[in-house]
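Student: My structure is below; once you've seen it, I'll send some questions.
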Amino acid sequence: MTVTVRVPAKVNVQLAVGGARPDGFHDLANVFLAVGLYDEVTVTPADELSVTCTGPDADQVPLDRTNLAARAAVELARRYDIDPAVHLHIAKDIPVAGGMAGGSADGAGALLACDTLWGTNASREELLDICAELGSDVPFSLVGGAALGLGRGERLRALEVGGTFHWVFAMAGRGLSTPAVFREFDRMNEGVRIPEPVASQELLDALAKGDAAALAAAVSNDLQPAALSLFPELAETLAAGRAAGALAALVSGSGPTTAFLAGDPESAAEVVRALSASGTCRTVRTASGAVPGATVLGR
């Protein structure tokens, strides 16, 4: 039997970052929105665990046991005393190292696919627990929709979304390391008292109402100055999108993908045309949200 799971990308409409904790992580107030760019993870019984990947920038995806999809399979198998002898194939469409949780999506997708293939029937709580062990963004990849992530971002509270939000994403010519961006955040804020991160009520209200203009006025990303410090050219991409009429422009998560909120599909198309002609980015994609999280497509 073969099982395929589809998993969406995410955009952070708010990323509030607290100071570094003793464990090296940062407390976050992270408002996630799942958007319609997808990876698909297909799991097939095999003689041993293996990973393959196809799609844009597939050559940048690790194919050993450090891959989050492989780690998910190994952890679920360990808990249920199963041999993780499966072939994991990732059909990638979420940008690699782009701040859109592509690796996290693959981990969540593999976890749900293996649970379905092996019939382990793990509870939602156990799946989310494994996701949290794998990484801060992995739990949201499982649940999708919109959610507020607290702690490292792994403690989720579902949020109401009252409409469809239209986004344009500009992919940069190179990646950015998430740990490097957090290190730069710490360097830039050395000696500064950083307040406890909290979600913006105005932003939560805008999501619930489906109000794109109000959401645009409230989006924020505390990692953006650090990302721009490490990758100054992103400022040109942000400016090009704003000039084309985007309601809001921000770095997505730790970057380097930049995200542009548009009022409607026609406005999004205009932003795509302008960014594509600007020479400031490698590729441009559109997606809308919120969309569901990891979903079994077939078996």
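Quick note on naming: the chains in the structure tokens go A, B, ... in the order shown, residues restart at 1 in each chain, and ligands are numbered from 1 in order of appearance.
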With DSSP run on the backbone, what are the strand (DSSP E) residues within region 146-185 of chain A? I'd like them as a PDB file with N, CA and C atoms, in the first residue's frame.

Tutor:
```
ATOM      1  N   ALA A 146      -5.429  28.664  10.516  1.00  0.00           N
ATOM      2  CA  ALA A 146      -4.723  29.778  11.149  1.00  0.00           C
ATOM      3  C   ALA A 146      -4.604  29.459  12.628  1.00  0.00           C
ATOM      4  N   ALA A 147      -3.486  29.831  13.221  1.00  0.00           N
ATOM      5  CA  ALA A 147      -3.276  29.511  14.628  1.00  0.00           C
ATOM      6  C   ALA A 147      -2.272  30.470  15.228  1.00  0.00           C
ATOM      7  N   LEU A 148      -2.401  30.668  16.528  1.00  0.00           N
ATOM      8  CA  LEU A 148      -1.409  31.390  17.313  1.00  0.00           C
ATOM      9  C   LEU A 148      -0.504  30.363  17.959  1.00  0.00           C
ATOM     10  N   GLY A 149       0.793  30.474  17.688  1.00  0.00           N
ATOM     11  CA  GLY A 149       1.774  29.577  18.289  1.00  0.00           C
ATOM     12  C   GLY A 149       2.521  30.286  19.403  1.00  0.00           C
ATOM     13  N   LEU A 150       2.522  29.691  20.581  1.00  0.00           N
ATOM     14  CA  LEU A 150       3.225  30.238  21.733  1.00  0.00           C
ATOM     15  C   LEU A 150       4.363  29.305  22.130  1.00  0.00           C
ATOM     16  N   ARG A 155       3.066  25.484  20.728  1.00  0.00           N
ATOM     17  CA  ARG A 155       1.806  25.402  21.478  1.00  0.00           C
ATOM     18  C   ARG A 155       0.769  26.230  20.722  1.00  0.00           C
ATOM     19  N   LEU A 156      -0.214  25.541  20.142  1.00  0.00           N
ATOM     20  CA  LEU A 156      -1.104  26.177  19.170  1.00  0.00           C
ATOM     21  C   LEU A 156      -2.494  26.444  19.728  1.00  0.00           C
ATOM     22  N   ARG A 157      -3.041  27.577  19.321  1.00  0.00           N
ATOM     23  CA  ARG A 157      -4.448  27.882  19.555  1.00  0.00           C
ATOM     24  C   ARG A 157      -5.070  28.257  18.218  1.00  0.00           C
ATOM     25  N   ALA A 158      -6.083  27.497  17.800  1.00  0.00           N
ATOM     26  CA  ALA A 158      -6.715  27.748  16.498  1.00  0.00           C
ATOM     27  C   ALA A 158      -7.348  29.128  16.482  1.00  0.00           C
ATOM     28  N   PHE A 165      -7.545  35.335   2.089  1.00  0.00           N
ATOM     29  CA  PHE A 165      -6.506  36.342   1.923  1.00  0.00           C
ATOM     30  C   PHE A 165      -5.604  35.947   0.758  1.00  0.00           C
ATOM     31  N   HIS A 166      -5.307  36.913  -0.102  1.00  0.00           N
ATOM     32  CA  HIS A 166      -4.547  36.663  -1.331  1.00  0.00           C
ATOM     33  C   HIS A 166      -3.111  37.157  -1.153  1.00  0.00           C
ATOM     34  N   TRP A 167      -2.174  36.268  -1.442  1.00  0.00           N
ATOM     35  CA  TRP A 167      -0.761  36.536  -1.192  1.00  0.00           C
ATOM     36  C   TRP A 167       0.059  36.352  -2.455  1.00  0.00           C
ATOM     37  N   VAL A 168       1.152  37.093  -2.515  1.00  0.00           N
ATOM     38  CA  VAL A 168       2.189  36.904  -3.528  1.00  0.00           C
ATOM     39  C   VAL A 168       3.487  36.651  -2.768  1.00  0.00           C
ATOM     40  N   PHE A 169       4.253  35.655  -3.223  1.00  0.00           N
ATOM     41  CA  PHE A 169       5.516  35.308  -2.575  1.00  0.00           C
ATOM     42  C   PHE A 169       6.646  35.435  -3.582  1.00  0.00           C
ATOM     43  N   ALA A 170       7.678  36.163  -3.210  1.00  0.00           N
ATOM     44  CA  ALA A 170       8.859  36.333  -4.055  1.00  0.00           C
ATOM     45  C   ALA A 170      10.005  35.518  -3.462  1.00  0.00           C
ATOM     46  N   MET A 171      10.537  34.599  -4.265  1.00  0.00           N
ATOM     47  CA  MET A 171      11.620  33.733  -3.814  1.00  0.00           C
ATOM     48  C   MET A 171      12.961  34.385  -4.131  1.00  0.00           C
TER      49      MET A 171
END
```

Student: Can you list, as a PyMOL selection string, every protein, DNA or RNA residue that comes within 10 Å of Ala259 (chain A) when you count only C-alpha atoms, leaving out same-chain residues fewer than 6 positions away?

Tutor: chain A and resi 11-13+100+167-171+237-238+241+246+248-253+284-286

Student: Considering only C-alpha atoms, state which residue in the set A:Glu126, A:Glu233, A:Asp115, A:Asp81 is at the smallest distance from Thr258 (chain A).

Tutor: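 Nearest to Thr258 (chain A): A:Glu233.
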
Student: Would you mind listing what lies within 12 Å of Leu117 (chain A) as a ChimeraX atom specification, with only C-alpha atoms counted and same-chain residues fewer than 3 positions away left out?

Tutor: /A:1-5,42-45,73,76-77,82,84-88,110-114,120-122,296,298-299

Student: Take the residues that were just selected and, keeping C-alpha atoms, output them as a PDB file, in the first residue's frame.

Tutor:
```
ATOM      1  CA  MET A   1       0.000   0.000   0.000  1.00  0.00           C
ATOM      2  CA  THR A   2       1.104   3.578  -0.702  1.00  0.00           C
ATOM      3  CA  VAL A   3      -0.108   6.665   1.188  1.00  0.00           C
ATOM      4  CA  THR A   4       0.208  10.264  -0.053  1.00  0.00           C
ATOM      5  CA  VAL A   5      -0.294  13.295   2.169  1.00  0.00           C
ATOM      6  CA  THR A  42       4.299   9.611  -0.409  1.00  0.00           C
ATOM      7  CA  VAL A  43       5.188   6.665   1.825  1.00  0.00           C
ATOM      8  CA  THR A  44       5.684   3.134   0.467  1.00  0.00           C
ATOM      9  CA  PRO A  45       6.821  -0.032   2.292  1.00  0.00           C
ATOM     10  CA  ALA A  73       9.008   8.153  10.445  1.00  0.00           C
ATOM     11  CA  LEU A  76       6.634   7.197  15.192  1.00  0.00           C
ATOM     12  CA  ALA A  77       8.159   3.761  14.537  1.00  0.00           C
ATOM     13  CA  ILE A  82       7.867  -0.755  14.266  1.00  0.00           C
ATOM     14  CA  PRO A  84      10.721   2.278   9.876  1.00  0.00           C
ATOM     15  CA  ALA A  85      11.343   0.451   6.602  1.00  0.00           C
ATOM     16  CA  VAL A  86       9.645   2.844   4.202  1.00  0.00           C
ATOM     17  CA  HIS A  87      10.505   4.832   1.125  1.00  0.00           C
ATOM     18  CA  LEU A  88       9.595   8.507   1.567  1.00  0.00           C
ATOM     19  CA  ALA A 110       5.490  11.948   6.645  1.00  0.00           C
ATOM     20  CA  LEU A 111       4.158  11.528  10.181  1.00  0.00           C
ATOM     21  CA  LEU A 112       0.519  11.430   9.063  1.00  0.00           C
ATOM     22  CA  ALA A 113       1.368   9.208   6.088  1.00  0.00           C
ATOM     23  CA  CYS A 114       3.247   6.670   8.235  1.00  0.00           C
ATOM     24  CA  THR A 120      -0.864   3.018  14.428  1.00  0.00           C
ATOM     25  CA  ASN A 121      -3.941   5.192  15.022  1.00  0.00           C
ATOM     26  CA  ALA A 122      -1.962   7.661  17.113  1.00  0.00           C
ATOM     27  CA  VAL A 296      -4.355  12.234   3.238  1.00  0.00           C
ATOM     28  CA  GLY A 298      -5.031   8.566  -1.206  1.00  0.00           C
ATOM     29  CA  ARG A 299      -3.808   5.163  -0.234  1.00  0.00           C
TER      30      ARG A 299
END
```

Student: Residues within 9 Å of Gly102 (chain A), please, as a list in words. Count only C-alpha atoms; anything in the same chain fewer than 3 positions from it doesn't count.

Tutor: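 Within the cut-off, the hits are Val7, Pro8, Ala9, Lys10, Tyr38, Asp39, Lys92, Asp93, Ile94, Pro95, Val96, Ala97, Gly98, Gly99, Ala105, Asp106, Gly107 and Ser141 of chain A.
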
Student: What would the file look like if the residues just selected were written as a short mmCIF file (atom, residue, chain, number, x, y, z; two decimals), in the first residue's frame with all heavy atoms?

Tutor:
```cif
data_model
loop_
_atom_site.label_atom_id
_atom_site.label_comp_id
_atom_site.auth_asym_id
_atom_site.auth_seq_id
_atom_site.Cartn_x
_atom_site.Cartn_y
_atom_site.Cartn_z
N VAL A 7 0.62 18.71 2.17
CA VAL A 7 0.86 19.61 3.31
C VAL A 7 1.15 21.02 2.79
O VAL A 7 1.93 21.19 1.86
CB VAL A 7 2.07 19.15 4.16
CG1 VAL A 7 1.97 19.69 5.57
CG2 VAL A 7 2.18 17.64 4.18
N PRO A 8 0.52 22.05 3.41
CA PRO A 8 0.68 23.41 2.90
C PRO A 8 1.89 24.15 3.47
O PRO A 8 2.44 23.80 4.51
CB PRO A 8 -0.61 24.10 3.37
CG PRO A 8 -0.87 23.44 4.69
CD PRO A 8 -0.46 21.99 4.51
N ALA A 9 2.26 25.21 2.76
CA ALA A 9 3.21 26.19 3.28
C ALA A 9 2.52 27.10 4.29
O ALA A 9 1.29 27.05 4.46
CB ALA A 9 3.78 27.02 2.13
N LYS A 10 3.32 27.93 4.95
CA LYS A 10 2.73 28.91 5.87
C LYS A 10 3.36 30.26 5.63
O LYS A 10 4.48 30.40 5.13
CB LYS A 10 2.93 28.48 7.32
CG LYS A 10 4.38 28.31 7.80
CD LYS A 10 5.08 29.59 8.22
CE LYS A 10 6.52 29.34 8.68
NZ LYS A 10 7.31 30.57 8.83
N TYR A 38 1.97 23.66 -1.85
CA TYR A 38 1.97 22.35 -1.18
C TYR A 38 3.18 21.50 -1.54
O TYR A 38 3.66 21.51 -2.68
CB TYR A 38 0.72 21.56 -1.59
CG TYR A 38 -0.58 22.20 -1.23
CD1 TYR A 38 -1.27 22.96 -2.16
CD2 TYR A 38 -1.13 22.06 0.04
CE1 TYR A 38 -2.50 23.55 -1.84
CE2 TYR A 38 -2.35 22.63 0.38
CZ TYR A 38 -3.02 23.38 -0.58
OH TYR A 38 -4.23 23.98 -0.26
N ASP A 39 3.65 20.74 -0.54
CA ASP A 39 4.46 19.56 -0.78
C ASP A 39 3.57 18.34 -0.65
O ASP A 39 2.57 18.37 0.10
CB ASP A 39 5.60 19.45 0.24
CG ASP A 39 6.75 20.40 -0.04
OD1 ASP A 39 6.68 21.15 -1.03
OD2 ASP A 39 7.72 20.37 0.74
N LYS A 92 8.20 18.29 -4.07
CA LYS A 92 8.35 19.59 -3.42
C LYS A 92 7.86 20.73 -4.30
O LYS A 92 8.23 20.83 -5.47
CB LYS A 92 9.83 19.82 -3.04
CG LYS A 92 10.07 21.15 -2.35
CD LYS A 92 11.23 21.09 -1.42
CE LYS A 92 10.93 20.42 -0.12
NZ LYS A 92 9.92 21.12 0.70
N ASP A 93 7.01 21.58 -3.72
CA ASP A 93 6.60 22.81 -4.38
C ASP A 93 6.72 24.01 -3.44
O ASP A 93 6.63 25.14 -3.87
CB ASP A 93 5.17 22.69 -4.92
CG ASP A 93 4.86 23.76 -5.96
OD1 ASP A 93 5.76 24.10 -6.75
OD2 ASP A 93 3.72 24.26 -5.99
N ILE A 94 6.91 23.75 -2.14
CA ILE A 94 7.16 24.83 -1.18
C ILE A 94 8.63 25.22 -1.30
O ILE A 94 9.50 24.34 -1.37
CB ILE A 94 6.85 24.37 0.26
CG1 ILE A 94 5.39 23.93 0.39
CG2 ILE A 94 7.15 25.49 1.25
CD1 ILE A 94 5.05 23.31 1.73
N PRO A 95 8.94 26.52 -1.36
CA PRO A 95 10.34 26.94 -1.49
C PRO A 95 11.23 26.33 -0.40
O PRO A 95 10.84 26.22 0.76
CB PRO A 95 10.26 28.46 -1.35
CG PRO A 95 8.88 28.81 -1.78
CD PRO A 95 8.02 27.67 -1.34
N VAL A 96 12.44 25.94 -0.80
CA VAL A 96 13.42 25.37 0.12
C VAL A 96 14.16 26.51 0.81
O VAL A 96 14.57 27.48 0.16
CB VAL A 96 14.41 24.46 -0.64
CG1 VAL A 96 15.49 23.94 0.30
CG2 VAL A 96 13.66 23.31 -1.30
N ALA A 97 14.33 26.40 2.13
CA ALA A 97 15.03 27.42 2.93
C ALA A 97 14.45 28.80 2.68
O ALA A 97 15.17 29.80 2.57
CB ALA A 97 16.54 27.42 2.64
N GLY A 98 13.12 28.87 2.60
CA GLY A 98 12.47 30.12 2.25
C GLY A 98 11.65 30.74 3.36
O GLY A 98 10.95 31.72 3.13
N GLY A 99 11.68 30.18 4.58
CA GLY A 99 10.89 30.75 5.66
C GLY A 99 9.41 30.44 5.56
O GLY A 99 8.59 31.10 6.19
N ALA A 105 6.71 21.07 6.89
CA ALA A 105 5.58 20.44 6.20
C ALA A 105 5.89 18.99 5.86
O ALA A 105 5.05 18.10 6.03
CB ALA A 105 5.25 21.22 4.93
N ASP A 106 7.11 18.74 5.40
CA ASP A 106 7.48 17.37 5.05
C ASP A 106 7.48 16.45 6.28
O ASP A 106 7.08 15.29 6.21
CB ASP A 106 8.85 17.36 4.39
CG ASP A 106 8.88 18.16 3.10
OD1 ASP A 106 7.80 18.39 2.52
OD2 ASP A 106 9.98 18.56 2.67
N GLY A 107 7.92 16.99 7.42
CA GLY A 107 7.87 16.19 8.64
C GLY A 107 6.46 15.84 9.04
O GLY A 107 6.15 14.69 9.37
N SER A 141 2.06 22.76 10.68
CA SER A 141 1.95 22.10 9.38
C SER A 141 0.93 20.97 9.43
O SER A 141 0.25 20.70 8.43
CB SER A 141 3.30 21.56 8.93
OG SER A 141 4.22 22.61 8.71
#
```

Student: For each of A:Gly153, A:Pro139, A:Pro62, A:Gly119, take the minimum atom-to-atom distance to Phe25 (chain A), counting only C-alpha atoms, then give the residue where this is smallest.

Tutor: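 Closest to Phe25 (chain A) of all the choices is A:Gly153.
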
Student: I need the residue nearest Ser229 (chain A) from this list: A:Ala262, A:Ala180, A:Leu127, A:Leu142. Use only C-alpha atoms for the distance.

Tutor: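 Smallest distance to Ser229 (chain A) is found for A:Ala180.
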
Student: With only C-alpha atoms as the atoms that count, which of A:Val271, A:Ser254, A:Pro56, A:Gly279 lies nearest to Glu236 (chain A)?

Tutor: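 Smallest separation from Glu236 (chain A) among the options: A:Gly279.
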
Student: Given only C-alpha atoms as the basis, pick out the residue of A:Ala208, A:Ala287, A:Ala227, A:Ile194 nearest to Arg21 (chain A).

Tutor: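 Using only C-alpha atoms, Arg21 (chain A) sits closest to A:Ile194.
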
Student: For Val138 (chain A), list every protein, DNA or RNA residue within 6 Å, evaluated using only C-alpha atoms, and leave out those in the same chain fewer than 4 positions away; present the list as a PDB file with N, CA and C atoms, in the first residue's frame.

Tutor:
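Okay, result.pdb is ready:
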```
ATOM      1  N   SER A 104       9.330  21.594   7.611  1.00  0.00           N
ATOM      2  CA  SER A 104       8.358  21.237   8.651  1.00  0.00           C
ATOM      3  C   SER A 104       7.139  20.561   8.042  1.00  0.00           C
ATOM      4  N   ALA A 108       5.566  16.825   9.013  1.00  0.00           N
ATOM      5  CA  ALA A 108       4.168  16.571   9.373  1.00  0.00           C
ATOM      6  C   ALA A 108       3.519  15.631   8.371  1.00  0.00           C
ATOM      7  N   CYS A 131       5.326  16.077  16.571  1.00  0.00           N
ATOM      8  CA  CYS A 131       5.620  17.259  15.757  1.00  0.00           C
ATOM      9  C   CYS A 131       6.442  18.277  16.536  1.00  0.00           C
TER      10      CYS A 131
END
```

Student: Of the residues A:Asp205, A:Glu133, A:Asp222, A:Glu40, which is the one nearest to Ala91 (chain A), using only C-alpha atoms?

Tutor: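 Of A:Asp205, A:Glu133, A:Asp222, A:Glu40, the one nearest Ala91 (chain A) is A:Glu40, counting only C-alpha atoms.
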
Student: Write out as JSON, numbers by chain all residues of region 14-231 of chain A that backbone DSSP assigns to alpha helix (DSSP H).

Tutor: {"A": [68, 69, 70, 71, 72, 73, 74, 75, 76, 77, 78, 79, 102, 103, 104, 105, 106, 107, 108, 109, 110, 111, 112, 113, 114, 115, 116, 117, 118, 124, 125, 126, 127, 128, 129, 130, 131, 132, 133, 134, 138, 139, 140, 141, 142, 143, 178, 179, 180, 181, 182, 183, 184, 185, 186, 187, 188, 201, 202, 203, 204, 205, 206, 207, 208, 209, 212, 213, 214, 215, 216, 217, 218, 224, 225, 226, 227, 228, 229, 230]}

Student: If we count only C-alpha atoms and set the cut-off at 8 Å, which residues sit around Cys53 (chain A), ignoring sequence neighbours fewer than 2 positions away in its own chain? Please answer as number ranges by chain.

Tutor: A: 51, 55, 58-59, 61, 63, 89-92

Student: In Å, with one decimal, what is the gap from CA of Arg174 (chain A) to CA of Leu228 (chain A)?

Tutor: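 Interatomic distance, CA of Arg174 (chain A) to CA of Leu228 (chain A): 13.2 Å.
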
Student: State, in Å with one decimal place, the distance from CA of Gly263 (chain A) to CA of Ala101 (chain A).

Tutor: 24.2 Å
